[in-house]
Amino acid sequence: MARSSLRIIREEHQTLGAMLRALGKMIDRGPGDEPERYFDVMRATLFFIDEFPERLHHPKETQLLFPALARLAPQIQDTLIRLDKDHAGSERSIRELQHLLLGWELVGDSRRQAFEKAARYYLDLYLGHMHLEDTEVLPLAEKVLGEADWKVLDAAFATNCDPLNGKYPRDPIYDRLFTRVVMSGASS
Ligand SMILES: [Fe+2]
Ligand SMILES: [Fe+2]
């Protein structure tokens, strides 16, 4: 049976992946004749990414999963260094994106390209990042981590979601935000 922390990490990747893909579709579509709605949803997307994965998902990988794995499977060290570097730069990148978006909204179209370029770079980087975790890091963790490591990881990740229904994230306000963002991407 899959460990609960692994299941939560994979579910969080799916959620963040859906958000990033919705962001990509919204960028492709552009504001059209509904700029107010567009900026509203874009702001909500960046807020969600900053609020949830940045604070709860990445730090737990960096602090708990990666060190355990580096200890037991040194062959993955280089990959973990790269992933850690992504985590370290991600919060700053998402804040920069929020600023660039505000620049476009308030200053006008002269700022549009800078936002779009940075946003596409971020989403490509993060989709690749999660793919690497899903295909290399998690399968290896499943093989080499011991019972004591899983106990710590399962307990840490359990607080990211409601253990009763496994819902991500726990606060219903995030559910509503997530639905709104993903529906906006889907309707484009
Ligand atoms: Fe990560
Ligand atoms: Fe991750």
# chains A, B, ... in the order shown; residues from 1 in each chain; ligands from 1
call {"tool": "closest_atom_pairs", "arguments": {"of": "chain A", "to": "ligand 2", "cutoff": "7 Å", "atoms": "only C-alpha atoms and all ligand atoms", "output": "Markdown table"}}
result
| residue | atom | partner | partner_atom_place_in_ligand_line | distance |
| --- | --- | --- | --- | --- |
| A:Ile9 | CA | ligand 2 | 1 (Fe) | 6.2 |
| A:His13 | CA | ligand 2 | 1 (Fe) | 6.1 |
| A:His57 | CA | ligand 2 | 1 (Fe) | 6.3 |
| A:His58 | CA | ligand 2 | 1 (Fe) | 5.9 |
| A:Glu61 | CA | ligand 2 | 1 (Fe) | 6.6 |
| A:Met130 | CA | ligand 2 | 1 (Fe) | 5.5 |
| A:Glu133 | CA | ligand 2 | 1 (Fe) | 6.2 |
call {"tool": "residues_near_ligand", "arguments": {"ligand": "ligand 1", "cutoff": "12 Å", "atoms": "only C-alpha atoms and all ligand atoms", "output": "number ranges by chain"}}
result
A: 9-10, 12-13, 16-17, 53-66, 79-90, 125-134, 136-138
call {"tool": "write_last_selection", "arguments": {"atoms": "C-alpha atoms", "output": "CSV table (one decimal), in the first residue's frame"}}
result
chain,number,residue,atom,x,y,z
A,9,ILE,CA,2.7,14.6,-2.4
A,10,ARG,CA,1.4,13.2,-5.7
A,12,GLU,CA,-0.5,18.1,-4.4
A,13,HIS,CA,1.5,17.8,-7.6
A,16,LEU,CA,-0.4,22.5,-8.6
A,17,GLY,CA,0.0,21.1,-12.1
A,53,PRO,CA,2.6,24.9,-2.3
A,54,GLU,CA,5.2,27.5,-1.4
A,55,ARG,CA,4.5,27.3,2.3
A,56,LEU,CA,3.5,23.7,2.9
A,57,HIS,CA,4.7,21.5,0.1
A,58,HIS,CA,8.2,22.5,-0.9
A,59,PRO,CA,9.5,23.1,2.6
A,60,LYS,CA,8.5,19.6,3.7
A,61,GLU,CA,10.3,18.0,0.7
A,62,THR,CA,13.4,20.1,1.3
A,63,GLN,CA,13.5,19.6,5.1
A,64,LEU,CA,12.3,16.0,5.4
A,65,LEU,CA,12.2,14.0,2.2
A,66,PHE,CA,15.4,15.1,0.5
A,79,THR,CA,19.0,15.8,-8.8
A,80,LEU,CA,18.2,16.7,-5.2
A,81,ILE,CA,20.6,19.7,-5.4
A,82,ARG,CA,18.8,20.9,-8.5
A,83,LEU,CA,15.3,20.4,-6.9
A,84,ASP,CA,16.4,22.2,-3.7
A,85,LYS,CA,17.6,25.1,-5.8
A,86,ASP,CA,14.2,25.3,-7.5
A,87,HIS,CA,12.5,25.4,-4.1
A,88,ALA,CA,14.9,28.1,-2.8
A,89,GLY,CA,14.2,30.4,-5.8
A,90,SER,CA,10.5,29.7,-6.1
A,125,LEU,CA,10.3,25.1,-14.7
A,126,TYR,CA,7.8,23.9,-12.1
A,127,LEU,CA,6.1,21.3,-14.4
A,128,GLY,CA,9.5,19.9,-15.1
A,129,HIS,CA,10.4,20.0,-11.4
A,130,MET,CA,7.3,18.0,-10.4
A,131,HIS,CA,7.8,15.6,-13.2
A,132,LEU,CA,11.3,14.9,-12.0
A,133,GLU,CA,10.0,14.3,-8.5
A,134,ASP,CA,7.2,12.0,-9.7
A,136,GLU,CA,12.7,9.7,-10.1
A,137,VAL,CA,12.5,11.0,-6.6
A,138,LEU,CA,9.3,9.4,-5.3
call {"tool": "closest_residue", "arguments": {"among": "A:Phe52, A:Lys143, A:Glu116, A:Ala155", "to": "A:Glu91", "atoms": "only C-alpha atoms"}}
result
A:Phe52
call {"tool": "closest_residue", "arguments": {"among": "A:Leu140, A:Val182, A:Val152, A:Ala158", "to": "A:Leu69", "atoms": "only C-alpha atoms"}}
result
A:Leu140
call {"tool": "closest_residue", "arguments": {"among": "A:Ala119, A:Phe178, A:Arg112, A:Arg7", "to": "A:Lys25", "atoms": "only C-alpha atoms"}}
result
A:Ala119
call {"tool": "atom_distance", "arguments": {"atom1": "atom CA of A:Met42", "atom2": "atom CA of A:Asp124"}}
result
16.9 Å
call {"tool": "closest_residue", "arguments": {"among": "A:Arg29, A:Arg92, A:Arg21, A:Arg111", "to": "A:Thr45", "atoms": "only C-alpha atoms"}}
result
A:Arg21
